[in-house]
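Trainee: Here you go, this is model02.cif (mmCIF, C-alpha atoms).
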```
data_model
#
loop_
_atom_site.label_atom_id
_atom_site.label_comp_id
_atom_site.auth_asym_id
_atom_site.auth_seq_id
_atom_site.Cartn_x
_atom_site.Cartn_y
_atom_site.Cartn_z
CA MET A 143 12.59 198.79 64.77
CA LYS A 144 15.51 196.63 65.98
CA LYS A 145 17.90 199.43 65.04
CA ALA A 146 15.85 201.97 67.03
CA LYS A 147 15.82 199.71 70.10
CA LYS A 148 19.56 199.21 69.79
CA THR A 149 20.12 202.97 69.57
CA ARG A 150 18.02 203.61 72.67
CA ALA A 151 19.89 200.88 74.54
CA ILE A 152 23.21 202.52 73.66
CA ILE A 153 21.93 205.92 74.86
CA VAL A 154 20.83 204.41 78.15
CA ALA A 155 24.20 202.70 78.63
CA VAL A 156 26.13 205.88 77.85
CA LEU A 157 24.02 207.99 80.22
CA VAL A 158 24.48 205.47 83.01
CA LEU A 159 28.25 205.76 82.56
CA VAL A 160 28.19 209.55 82.26
CA PHE A 161 26.21 210.08 85.41
CA GLY A 162 28.14 207.42 87.35
CA LEU A 163 24.95 205.70 88.44
CA SER A 164 25.09 202.69 90.69
CA VAL A 165 22.02 200.73 89.65
CA SER A 166 22.41 198.30 92.50
CA GLY A 167 21.96 201.13 94.99
CA TYR A 168 18.51 202.16 93.74
CA ALA A 169 16.38 199.40 95.17
CA GLU A 170 15.41 201.03 98.46
CA GLN A 171 15.19 204.63 97.27
CA LYS A 172 12.04 206.69 96.81
CA VAL A 173 10.08 206.38 93.56
CA TYR A 174 8.92 209.66 92.00
CA LYS A 175 5.83 209.68 89.79
CA TRP A 176 5.20 212.36 87.19
CA LYS A 177 2.27 213.06 84.91
CA MET A 178 2.84 214.17 81.32
CA GLN A 179 0.03 215.89 79.39
CA ALA A 180 0.13 215.14 75.67
CA SER A 181 -1.34 217.51 73.09
CA TYR A 182 -1.77 214.85 70.38
CA PRO A 183 -3.21 211.32 70.63
CA VAL A 184 -1.01 208.64 72.16
CA GLY A 185 0.34 206.54 69.32
CA THR A 186 1.09 209.49 67.05
CA SER A 187 4.62 210.51 66.12
CA VAL A 188 4.28 213.71 68.18
CA THR A 189 3.56 211.85 71.40
CA MET A 190 6.24 209.28 70.55
CA HIS A 191 8.79 211.79 71.85
CA GLY A 192 7.09 211.75 75.25
CA VAL A 193 6.56 207.99 75.32
CA GLU A 194 10.16 207.15 74.43
CA TRP A 195 11.54 209.83 76.75
CA ALA A 196 9.51 208.40 79.64
CA LYS A 197 10.77 204.88 78.90
CA ALA A 198 14.39 206.02 78.76
CA ILE A 199 14.16 208.08 81.96
CA GLU A 200 12.57 205.19 83.85
CA ASN A 201 15.21 202.82 82.49
CA ILE A 202 18.18 205.05 83.33
CA THR A 203 16.91 205.66 86.87
CA ASN A 204 16.06 201.98 87.37
CA GLY A 205 12.43 202.89 88.00
CA ARG A 206 13.03 205.75 90.45
CA LEU A 207 11.28 208.24 88.13
CA LYS A 208 8.14 207.04 86.40
CA VAL A 209 6.14 209.16 83.94
CA GLU A 210 2.48 208.55 83.09
CA ILE A 211 1.38 209.80 79.65
CA LEU A 212 -2.06 211.44 79.64
CA PRO A 213 -4.10 211.75 76.41
CA PRO A 214 -5.27 215.15 75.06
CA GLY A 215 -7.85 216.77 77.31
CA ALA A 216 -7.15 214.56 80.32
CA MET A 217 -6.07 217.45 82.54
CA CYS A 218 -6.81 220.48 80.35
CA ASP A 219 -7.47 221.64 76.80
CA VAL A 220 -4.47 221.64 74.49
CA LYS A 221 -4.46 225.44 74.33
CA ASP A 222 -4.12 225.61 78.13
CA ILE A 223 -1.20 223.21 78.57
CA VAL A 224 1.41 225.91 79.21
CA SER A 225 -0.81 227.75 81.71
CA TYR A 226 -1.61 224.57 83.64
CA LEU A 227 1.98 223.33 83.52
CA GLU A 228 3.20 226.68 84.85
CA LYS A 229 0.99 226.15 87.91
CA GLY A 230 2.16 222.56 88.42
CA VAL A 231 -1.15 220.83 87.66
CA PHE A 232 1.03 218.20 85.95
CA ASP A 233 4.79 217.80 85.76
CA CYS A 234 5.63 217.82 82.06
CA ALA A 235 4.15 217.93 78.57
CA VAL A 236 4.94 217.09 74.98
CA THR A 237 3.38 219.63 72.66
CA TYR A 238 3.69 222.07 69.76
CA GLY A 239 4.64 225.68 70.46
CA GLY A 240 2.28 227.02 67.81
CA PHE A 241 -0.62 226.69 70.24
CA TYR A 242 0.90 229.25 72.61
CA THR A 243 2.18 232.15 70.49
CA GLY A 244 -0.27 234.53 72.16
CA LEU A 245 1.21 233.75 75.57
CA ILE A 246 4.85 233.21 74.53
CA PRO A 247 5.71 235.00 71.26
CA GLU A 248 9.07 233.22 71.11
CA THR A 249 7.27 229.95 70.34
CA ASP A 250 7.10 231.19 66.74
CA LEU A 251 10.90 231.02 66.70
CA GLU A 252 10.72 227.57 68.26
CA ILE A 253 8.41 225.88 65.74
CA GLY A 254 10.34 227.14 62.72
CA LEU A 255 9.61 230.14 60.50
CA PRO A 256 8.14 229.62 57.02
CA GLN A 257 10.87 229.34 54.38
CA GLY A 258 13.48 229.03 57.10
CA HIS A 259 15.06 225.75 58.21
CA ARG A 260 14.88 222.86 55.77
CA SER A 261 16.45 220.13 57.89
CA TRP A 262 16.94 219.12 61.51
CA ASP A 263 20.68 219.82 61.43
CA GLU A 264 19.87 223.44 60.52
CA VAL A 265 17.48 223.65 63.48
CA TRP A 266 20.07 222.08 65.78
CA ASP A 267 22.70 224.58 64.60
CA ALA A 268 20.40 227.52 65.37
CA MET A 269 19.39 226.20 68.79
CA TYR A 270 22.73 224.99 70.14
CA ASN A 271 25.43 226.85 68.19
CA ARG A 272 23.92 230.22 67.37
CA GLY A 273 22.04 231.04 70.58
CA LEU A 274 18.41 230.70 69.47
CA GLY A 275 17.75 228.02 72.06
CA GLU A 276 18.87 230.33 74.88
CA ILE A 277 16.32 232.94 73.80
CA ILE A 278 13.46 230.43 73.73
CA ARG A 279 14.57 228.83 77.01
CA GLU A 280 14.56 232.24 78.68
CA ALA A 281 11.00 232.91 77.49
CA TYR A 282 9.68 229.62 78.88
CA ALA A 283 11.56 230.13 82.15
CA GLU A 284 9.39 233.20 82.80
CA HIS A 285 6.49 230.74 82.98
CA ASN A 286 8.24 228.37 85.41
CA ILE A 287 8.97 225.91 82.59
CA VAL A 288 12.15 224.21 81.39
CA TRP A 289 12.11 223.76 77.60
CA TYR A 290 13.70 221.17 75.30
CA PRO A 291 13.35 221.07 71.49
CA CYS A 292 12.72 217.94 69.45
CA ALA A 293 12.16 217.39 65.75
CA ALA A 294 8.81 217.25 64.06
CA ASP A 295 8.22 216.77 60.35
CA CYS A 296 10.76 217.38 57.63
CA TYR A 297 7.70 217.75 55.35
CA TYR A 298 5.35 220.39 56.74
CA HIS A 299 3.00 221.93 54.23
CA PHE A 300 -0.48 221.82 52.72
CA ASN A 301 -2.66 218.71 53.08
CA THR A 302 -5.64 219.47 50.82
CA ASN A 303 -8.65 218.08 49.02
CA PHE A 304 -7.72 220.14 45.94
CA PRO A 305 -4.52 220.23 43.84
CA VAL A 306 -2.01 223.04 44.39
CA SER A 307 0.11 223.80 41.33
CA LYS A 308 0.28 227.56 41.85
CA LEU A 309 -0.34 229.97 44.72
CA ASP A 310 -3.62 231.18 43.21
CA ASP A 311 -5.08 227.69 43.86
CA LEU A 312 -5.03 228.48 47.58
CA LYS A 313 -7.01 231.69 47.50
CA GLY A 314 -10.22 231.62 49.50
CA LYS A 315 -9.63 228.15 50.96
CA LYS A 316 -10.18 227.35 54.64
CA ILE A 317 -6.86 226.09 56.01
CA ARG A 318 -6.01 224.84 59.46
CA ALA A 319 -2.83 226.55 60.65
CA LEU A 320 -1.22 227.45 63.97
CA GLY A 321 1.08 230.21 65.16
CA VAL A 322 3.09 231.98 62.49
CA TYR A 323 1.68 229.59 59.90
CA GLY A 324 -1.67 231.28 60.35
CA LYS A 325 -0.04 234.46 59.03
CA TYR A 326 1.64 232.41 56.33
CA VAL A 327 -1.60 231.05 54.88
CA GLN A 328 -3.24 234.46 55.14
CA LYS A 329 -0.44 235.92 53.00
CA LEU A 330 -1.29 233.25 50.44
CA GLY A 331 -4.95 234.30 50.40
CA CYS A 332 -6.44 231.59 52.63
CA SER A 333 -8.79 231.80 55.63
CA VAL A 334 -7.23 230.51 58.85
CA VAL A 335 -8.99 227.95 61.04
CA VAL A 336 -7.43 226.85 64.36
CA VAL A 337 -8.13 223.16 64.97
CA PRO A 338 -6.28 220.89 67.47
CA GLY A 339 -4.46 217.98 65.89
CA ALA A 340 -6.84 215.46 67.44
CA GLU A 341 -9.82 217.11 65.70
CA MET A 342 -8.38 217.65 62.23
CA TYR A 343 -9.58 214.39 60.71
CA MET A 344 -13.25 215.11 61.37
CA ALA A 345 -12.86 218.79 60.44
CA MET A 346 -11.53 217.70 57.06
CA LYS A 347 -14.13 214.97 56.62
CA LEU A 348 -17.02 217.30 57.44
CA GLY A 349 -15.72 220.11 55.23
CA THR A 350 -15.05 222.47 58.12
CA ILE A 351 -11.65 222.96 56.51
CA ASP A 352 -10.40 222.51 52.95
CA GLY A 353 -6.92 221.65 54.05
CA ALA A 354 -4.33 221.91 56.78
CA ILE A 355 -0.75 222.92 57.30
CA TYR A 356 0.42 219.69 58.93
CA GLY A 357 3.31 217.27 58.88
CA ALA A 358 3.34 214.31 56.52
CA THR A 359 3.41 211.87 59.47
CA GLY A 360 -0.27 212.69 59.95
CA LEU A 361 -1.12 210.98 56.68
CA GLN A 362 -0.60 207.65 58.40
CA ASP A 363 -0.59 208.14 62.17
CA ILE A 364 -3.98 209.88 62.26
CA LYS A 365 -5.11 208.34 58.94
CA PHE A 366 -5.27 211.77 57.35
CA HIS A 367 -4.69 210.16 53.95
CA GLU A 368 -8.32 208.99 54.12
CA VAL A 369 -9.67 212.55 53.97
CA VAL A 370 -7.02 214.46 51.98
CA LYS A 371 -5.98 213.88 48.38
CA TYR A 372 -2.93 216.07 47.88
CA TYR A 373 0.29 216.97 49.69
CA THR A 374 2.25 220.07 48.64
CA LEU A 375 6.04 220.23 48.37
CA PRO A 376 8.62 221.71 48.87
CA THR A 377 8.22 221.87 52.61
CA ALA A 378 7.49 225.20 54.26
CA ALA A 379 10.03 224.32 56.94
CA GLN A 380 11.59 221.65 59.09
CA ILE A 381 9.53 222.21 62.21
CA ALA A 382 10.12 221.47 65.88
CA LEU A 383 8.11 220.27 68.86
CA SER A 384 8.85 220.72 72.54
CA LEU A 385 9.12 218.70 75.71
CA LEU A 386 8.29 220.95 78.67
CA ILE A 387 8.99 220.36 82.35
CA ASN A 388 7.64 222.26 85.33
CA LYS A 389 10.62 223.85 87.08
CA ASN A 390 9.30 223.07 90.58
CA SER A 391 8.80 219.39 89.70
CA LEU A 392 12.39 219.24 88.50
CA GLU A 393 13.76 220.95 91.61
CA LYS A 394 11.92 218.52 93.89
CA LEU A 395 13.92 215.61 92.49
CA PRO A 396 17.07 214.52 94.33
CA PRO A 397 20.27 215.88 92.73
CA ASP A 398 21.19 212.70 90.84
CA LEU A 399 17.76 212.33 89.23
CA ARG A 400 17.58 216.03 88.44
CA LYS A 401 20.93 215.82 86.66
CA ILE A 402 19.75 212.85 84.61
CA VAL A 403 16.66 214.74 83.45
CA GLU A 404 18.40 218.07 82.87
CA VAL A 405 21.30 216.68 80.84
CA GLY A 406 19.97 213.39 79.53
CA THR A 407 16.79 214.79 78.00
CA ARG A 408 18.64 216.54 75.17
CA TYR A 409 20.31 213.31 74.05
CA ILE A 410 17.21 211.15 74.40
CA LEU A 411 15.33 213.63 72.20
CA GLU A 412 18.08 213.55 69.58
CA ASP A 413 17.35 209.84 69.20
CA THR A 414 13.59 210.32 68.98
CA SER A 415 14.04 213.25 66.58
CA ASN A 416 15.88 211.08 64.06
CA ARG A 417 13.19 208.46 64.42
CA TYR A 418 10.45 211.07 63.84
CA ILE A 419 12.07 212.33 60.63
CA THR A 420 12.28 208.77 59.30
CA GLU A 421 8.60 208.21 60.13
CA CYS A 422 7.69 211.42 58.30
CA LYS A 423 9.39 210.30 55.09
CA ASP A 424 7.92 206.80 55.37
CA SER A 425 4.41 208.16 55.93
CA LEU A 426 4.42 210.27 52.77
CA ASN A 427 5.96 207.49 50.68
CA LYS A 428 3.44 204.94 51.92
CA SER A 429 0.48 207.26 51.27
CA VAL A 430 1.66 207.91 47.72
CA ASN A 431 2.50 204.27 46.97
CA MET A 432 -0.91 203.08 48.12
CA GLY A 433 -2.54 205.53 45.70
CA SER A 434 -4.22 207.53 48.44
CA VAL A 435 -2.35 210.82 48.11
CA GLU A 436 -0.75 212.72 45.22
CA ILE A 437 2.22 215.07 45.60
CA CYS A 438 1.85 218.61 44.26
CA GLN A 439 5.26 220.10 43.48
CA LEU A 440 5.28 223.89 43.37
CA PRO A 441 7.56 225.21 40.60
CA GLU A 442 10.46 227.51 41.42
CA GLU A 443 8.70 230.63 40.12
CA GLU A 444 5.89 230.06 42.62
CA MET A 445 8.41 229.50 45.42
CA THR A 446 10.04 232.83 44.53
CA LYS A 447 6.66 234.52 44.94
CA MET A 448 6.14 232.72 48.23
CA ARG A 449 9.45 233.87 49.70
CA ALA A 450 8.65 237.46 48.78
CA LEU A 451 5.32 237.17 50.61
CA VAL A 452 6.94 235.61 53.67
CA LYS A 453 9.72 238.17 54.26
CA PRO A 454 7.38 240.76 55.88
CA ILE A 455 6.21 238.12 58.36
CA TRP A 456 9.76 237.72 59.66
CA ASP A 457 10.08 241.48 60.10
CA GLU A 458 6.70 241.69 61.84
CA LEU A 459 7.78 239.02 64.32
CA ALA A 460 11.10 240.77 64.94
CA ALA A 461 9.27 243.98 65.89
CA LYS A 462 7.39 242.33 68.78
CA SER A 463 10.16 242.69 71.34
CA PRO A 464 13.94 243.03 71.75
CA ARG A 465 14.14 239.30 72.41
CA MET A 466 12.21 238.51 69.23
CA THR A 467 14.44 240.92 67.31
CA LYS A 468 17.50 239.06 68.54
CA GLY A 469 15.98 235.70 67.59
CA VAL A 470 14.98 236.74 64.08
CA ASP A 471 18.41 238.32 63.56
CA ILE A 472 20.01 234.97 64.45
CA LEU A 473 17.83 233.23 61.87
CA LYS A 474 18.49 235.84 59.17
CA LYS A 475 22.24 235.52 59.74
CA GLN A 476 21.95 231.75 59.48
CA MET A 477 19.93 231.97 56.25
CA ARG A 478 22.56 234.28 54.75
CA ASP A 479 25.26 231.79 55.71
CA LEU A 480 23.24 229.04 54.00
CA GLY A 481 22.76 231.06 50.84
CA ARG A 482 19.02 231.56 51.32
CA PRO A 483 18.78 235.18 52.52
CA MET A 484 15.49 236.37 54.02
CA ASP A 485 16.41 240.05 54.32
#
```
Give the structure from this file in structure tokens form.

Mentor:
Amino acid sequence: MKKAKKTRAIIVAVLVLVFGLSVSGYAEQKVYKWKMQASYPVGTSVTMHGVEWAKAIENITNGRLKVEILPPGAMCDVKDIVSYLEKGVFDCAVTYGGFYTGLIPETDLEIGLPQGHRSWDEVWDAMYNRGLGEIIREAYAEHNIVWYPCAADCYYHFNTNFPVSKLDDLKGKKIRALGVYGKYVQKLGCSVVVVPGAEMYMAMKLGTIDGAIYGATGLQDIKFHEVVKYYTLPTAAQIALSLLINKNSLEKLPPDLRKIVEVGTRYILEDTSNRYITECKDSLNKSVNMGSVEICQLPEEEMTKMRALVKPIWDELAAKSPRMTKGVDILKKQMRDLGRPMD
């Protein structure tokens, strides 16, 4: 924790120097107040991105921009966050793109395709070096939204109440999954159930679902280890979350504050992303060590079968639009470069 605080302090100091801010000159200037709608409960690792971003922004601006974090459902249902944000009902949001694939197909590229990225540095490379981020940013811009990626779990796979040692174990099971991962579990013979993160615990406890595609942080931060017995590895992907900002809200800020948000957000989220990945690993380890959860390790022959089942999903996504084709092509090229071809 001390290390994390030190890192955030360094980021704040660097940003102050970069933007040439004169803290002493802030005292009499106008204070701007934003509202952020969260899609997961406050206190979870997902919402941590929003909480820490808000703290850093307030700190860097010496209190000139304050952000209030609203719990799920405060302003709208999770599934409506993008639609409400587009209209300016609130100013920003921290959420998961998988909720919005029907409205913005490119969110499937954002969250991470099954059997694609395995680490955050691979995601970062695709977003900032290979042009994938520009494609996703363009899609959100059509909805009056500025988009920033941030890391989610490095372990993102099946949380179940039954062991998974082979793909046949999944057939006929009711699995919570969002976005492209709904197609993923269907290919593996499961029934898809869409359940918001805040409702998964009770859905699992009541038997509404037999399992969920969800990050390992959930084992501890929403106490999912109390209602699941098994976690399946290897991971399906290193997935990503998003911090979204209403374009009008951003443009209403004075130039210096707007520059801080536009440029500083990327670097603040790099810090919180590394913290999230650490929390993911710690959550799984703690759940196993306390005897609450067992790890199911799929053998390589089962993973070979899985990759063969997943390849058509990538091609189906690419066929949705020229922009999706370009995005999937970027990912296929990257996978070839990494020695894990998906074409």

Trainee: Grab the CA of Gly360 (chain A) to CA of Val188 (chain A) distance for me, in Å with one decimal place.

Mentor: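 Distance reported for this atom pair: 9.5 Å.
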
Trainee: Tell me which protein, DNA and RNA residues are within 6 Å of Leu207 (chain A), counting all atoms listed in the file, leaving out same-chain ones fewer than 6 positions away, and put them as a ChimeraX atom specification.

Mentor: /A:173-175,200

Trainee: Quick check on the file I pasted: which residues fall under the PyMOL selection byres ((chain A and resi 261) around 9)? Write them as number ranges by chain.

Mentor: A: 259-260, 262-266, 296, 379-381

Trainee: Quick one: write out the picked residues with C-alpha atoms as a compact mmCIF listing (two decimals), keeping the file's coordinate frame?

Mentor:
```txt
# COMPACT_ATOMS: atom_id res chain seq x y z
CA HIS A 259 15.06 225.75 58.21
CA ARG A 260 14.88 222.86 55.77
CA TRP A 262 16.94 219.12 61.51
CA ASP A 263 20.68 219.82 61.43
CA GLU A 264 19.87 223.44 60.52
CA VAL A 265 17.48 223.65 63.48
CA TRP A 266 20.07 222.08 65.78
CA CYS A 296 10.76 217.38 57.63
CA ALA A 379 10.03 224.32 56.94
CA GLN A 380 11.59 221.65 59.09
CA ILE A 381 9.53 222.21 62.21
```

Trainee: Interatomic distance between CA of Lys462 (chain A) and CA of Gln328 (chain A)?

Mentor: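 Between CA of Lys462 (chain A) and CA of Gln328 (chain A) the gap works out to 19.0 Å.
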
Trainee: Go ahead and compute the interatomic distance for CA of Leu255 (chain A) and CA of Gly469 (chain A), in Å to one decimal.

Mentor: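 Calculated distance between CA of Leu255 (chain A) and CA of Gly469 (chain A) is 11.0 Å.
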
Trainee: Which one is closest to Ala460 (chain A): A:Asp479, A:Asp485, A:Glu421, A:Asp352? Count all atoms listed in the file.

Mentor: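 Closest to Ala460 (chain A), using all atoms listed in the file: A:Asp485.
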
Trainee: Which neighbours of Ile317 (chain A) fall inside 6 Å, counting all atoms listed in the file, when residues of the same chain fewer than 5 positions from it are skipped, and could you give them as a list in words?

Mentor: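 Residues near the query, excluding close chain neighbours: Val334, Val335, Ile351, Asp352, Gly353 and Ala354 of chain A.
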
Trainee: Excluding same-chain residues fewer than 3 positions from Arg318 (chain A), what lies within 12 Å of it counting only C-alpha atoms, as a PyMOL selection string?

Mentor: chain A and resi 240+299-302+315+321-328+332-339+341-343+345-346+349-356

Trainee: Neighbourhood query: residues within 8 Å of (1.2, 209.6, 82.4), file coordinates, counting only C-alpha atoms; return as a PyMOL selection string.

Mentor: chain A and resi 176-179+209-212

Trainee: Output as CSV one row per residue of region 275-328 of chain A within 8 Å of region 242-249 of chain A: the closest atom pair and its distance in Å to one decimal place, counting all atoms listed in the file, sorted by chain and residue number ascending.

Mentor:
```
residue,atom,partner,partner_atom,distance
A:Ile277,CA,A:Glu248,CA,7.7
A:Ile278,CA,A:Glu248,CA,5.8
A:Ala281,CA,A:Glu248,CA,6.7
A:Tyr282,CA,A:Ile246,CA,7.4
A:Gly321,CA,A:Thr243,CA,5.8
```

Trainee: Name the closest residue to Gly230 (chain A) among the candidates A:Asp311, A:Met190, A:Gln362, A:Lys394; distances are taken between atoms, counting all atoms listed in the file.

Mentor: A:Lys394

Trainee: Please write the residues picked by the PyMOL selection byres ((chain A and resi 385) around 9) on this file as a PDB file with C-alpha atoms, keeping the file's coordinate frame.

Mentor:
```pdb
ATOM      1  CA  HIS A 191       8.790 211.790  71.850  1.00  0.00           C
ATOM      2  CA  GLY A 192       7.090 211.750  75.250  1.00  0.00           C
ATOM      3  CA  CYS A 234       5.630 217.820  82.060  1.00  0.00           C
ATOM      4  CA  ALA A 235       4.150 217.930  78.570  1.00  0.00           C
ATOM      5  CA  VAL A 236       4.940 217.090  74.980  1.00  0.00           C
ATOM      6  CA  THR A 237       3.380 219.630  72.660  1.00  0.00           C
ATOM      7  CA  TYR A 238       3.690 222.070  69.760  1.00  0.00           C
ATOM      8  CA  VAL A 288      12.150 224.210  81.390  1.00  0.00           C
ATOM      9  CA  TRP A 289      12.110 223.760  77.600  1.00  0.00           C
ATOM     10  CA  TYR A 290      13.700 221.170  75.300  1.00  0.00           C
ATOM     11  CA  PRO A 291      13.350 221.070  71.490  1.00  0.00           C
ATOM     12  CA  CYS A 292      12.720 217.940  69.450  1.00  0.00           C
ATOM     13  CA  LEU A 383       8.110 220.270  68.860  1.00  0.00           C
ATOM     14  CA  SER A 384       8.850 220.720  72.540  1.00  0.00           C
ATOM     15  CA  LEU A 386       8.290 220.950  78.670  1.00  0.00           C
ATOM     16  CA  ILE A 387       8.990 220.360  82.350  1.00  0.00           C
ATOM     17  CA  THR A 407      16.790 214.790  78.000  1.00  0.00           C
ATOM     18  CA  LEU A 411      15.330 213.630  72.200  1.00  0.00           C
TER      19      LEU A 411
END
```

Trainee: Using all atoms listed in the file, give me every residue within 12 Å of (-2.2, 226.3, 84.3) in file coordinates, as a PyMOL selection string.

Mentor: chain A and resi 179+217-235+245+285-287+388

Trainee: Only all heavy atoms needed: put region 393-400 of chain A from the block into a file as a PDB file, in the first residue's frame.

Mentor:
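The resulting result-v2.pdb:
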```pdb
ATOM      1  N   GLU A 393     -15.125  19.555 -22.863  1.00  0.00           N
ATOM      2  CA  GLU A 393     -14.932  20.814 -23.585  1.00  0.00           C
ATOM      3  C   GLU A 393     -15.353  22.033 -22.765  1.00  0.00           C
ATOM      4  O   GLU A 393     -14.919  23.156 -23.059  1.00  0.00           O
ATOM      5  CB  GLU A 393     -15.700  20.768 -24.905  1.00  0.00           C
ATOM      6  CG  GLU A 393     -15.093  19.786 -25.902  1.00  0.00           C
ATOM      7  CD  GLU A 393     -15.896  19.665 -27.181  1.00  0.00           C
ATOM      8  OE1 GLU A 393     -17.050  20.150 -27.210  1.00  0.00           O
ATOM      9  OE2 GLU A 393     -15.377  19.074 -28.163  1.00  0.00           O
ATOM     10  N   LYS A 394     -16.175  21.825 -21.752  1.00  0.00           N
ATOM     11  CA  LYS A 394     -16.596  22.932 -20.895  1.00  0.00           C
ATOM     12  C   LYS A 394     -15.527  23.327 -19.879  1.00  0.00           C
ATOM     13  O   LYS A 394     -15.620  24.390 -19.262  1.00  0.00           O
ATOM     14  CB  LYS A 394     -17.890  22.557 -20.161  1.00  0.00           C
ATOM     15  CG  LYS A 394     -19.122  22.509 -21.058  1.00  0.00           C
ATOM     16  CD  LYS A 394     -20.345  22.051 -20.281  1.00  0.00           C
ATOM     17  CE  LYS A 394     -21.555  21.930 -21.195  1.00  0.00           C
ATOM     18  NZ  LYS A 394     -22.758  21.394 -20.461  1.00  0.00           N
ATOM     19  N   LEU A 395     -14.526  22.468 -19.697  1.00  0.00           N
ATOM     20  CA  LEU A 395     -13.445  22.796 -18.773  1.00  0.00           C
ATOM     21  C   LEU A 395     -12.551  23.869 -19.375  1.00  0.00           C
ATOM     22  O   LEU A 395     -12.404  23.957 -20.599  1.00  0.00           O
ATOM     23  CB  LEU A 395     -12.605  21.558 -18.472  1.00  0.00           C
ATOM     24  CG  LEU A 395     -13.276  20.402 -17.739  1.00  0.00           C
ATOM     25  CD1 LEU A 395     -12.302  19.222 -17.636  1.00  0.00           C
ATOM     26  CD2 LEU A 395     -13.749  20.821 -16.354  1.00  0.00           C
ATOM     27  N   PRO A 396     -11.921  24.705 -18.552  1.00  0.00           N
ATOM     28  CA  PRO A 396     -10.930  25.644 -19.079  1.00  0.00           C
ATOM     29  C   PRO A 396      -9.758  24.875 -19.680  1.00  0.00           C
ATOM     30  O   PRO A 396      -9.523  23.717 -19.334  1.00  0.00           O
ATOM     31  CB  PRO A 396     -10.515  26.459 -17.844  1.00  0.00           C
ATOM     32  CG  PRO A 396     -10.905  25.620 -16.679  1.00  0.00           C
ATOM     33  CD  PRO A 396     -12.094  24.832 -17.095  1.00  0.00           C
ATOM     34  N   PRO A 397      -9.009  25.495 -20.592  1.00  0.00           N
ATOM     35  CA  PRO A 397      -7.966  24.778 -21.332  1.00  0.00           C
ATOM     36  C   PRO A 397      -6.964  24.024 -20.468  1.00  0.00           C
ATOM     37  O   PRO A 397      -6.558  22.908 -20.807  1.00  0.00           O
ATOM     38  CB  PRO A 397      -7.278  25.888 -22.136  1.00  0.00           C
ATOM     39  CG  PRO A 397      -8.356  26.908 -22.331  1.00  0.00           C
ATOM     40  CD  PRO A 397      -9.165  26.882 -21.064  1.00  0.00           C
ATOM     41  N   ASP A 398      -6.546  24.608 -19.340  1.00  0.00           N
ATOM     42  CA  ASP A 398      -5.526  23.933 -18.536  1.00  0.00           C
ATOM     43  C   ASP A 398      -6.077  22.660 -17.888  1.00  0.00           C
ATOM     44  O   ASP A 398      -5.413  21.622 -17.866  1.00  0.00           O
ATOM     45  CB  ASP A 398      -4.937  24.881 -17.483  1.00  0.00           C
ATOM     46  CG  ASP A 398      -5.965  25.389 -16.488  1.00  0.00           C
ATOM     47  OD1 ASP A 398      -7.160  25.512 -16.851  1.00  0.00           O
ATOM     48  OD2 ASP A 398      -5.580  25.656 -15.339  1.00  0.00           O
ATOM     49  N   LEU A 399      -7.326  22.720 -17.395  1.00  0.00           N
ATOM     50  CA  LEU A 399      -7.915  21.527 -16.799  1.00  0.00           C
ATOM     51  C   LEU A 399      -8.200  20.467 -17.858  1.00  0.00           C
ATOM     52  O   LEU A 399      -8.025  19.267 -17.620  1.00  0.00           O
ATOM     53  CB  LEU A 399      -9.209  21.877 -16.056  1.00  0.00           C
ATOM     54  CG  LEU A 399      -9.099  22.765 -14.810  1.00  0.00           C
ATOM     55  CD1 LEU A 399     -10.433  22.819 -14.087  1.00  0.00           C
ATOM     56  CD2 LEU A 399      -8.006  22.266 -13.878  1.00  0.00           C
ATOM     57  N   ARG A 400      -8.662  20.919 -19.009  1.00  0.00           N
ATOM     58  CA  ARG A 400      -8.944  19.971 -20.092  1.00  0.00           C
ATOM     59  C   ARG A 400      -7.670  19.227 -20.495  1.00  0.00           C
ATOM     60  O   ARG A 400      -7.697  18.012 -20.729  1.00  0.00           O
ATOM     61  CB  ARG A 400      -9.540  20.713 -21.291  1.00  0.00           C
ATOM     62  CG  ARG A 400      -9.987  19.765 -22.396  1.00  0.00           C
ATOM     63  CD  ARG A 400     -10.898  20.471 -23.387  1.00  0.00           C
ATOM     64  NE  ARG A 400     -10.235  21.545 -24.096  1.00  0.00           N
ATOM     65  CZ  ARG A 400     -10.517  22.840 -23.949  1.00  0.00           C
ATOM     66  NH1 ARG A 400     -11.473  23.218 -23.113  1.00  0.00           N
ATOM     67  NH2 ARG A 400      -9.861  23.751 -24.643  1.00  0.00           N
TER      68      ARG A 400
END
```
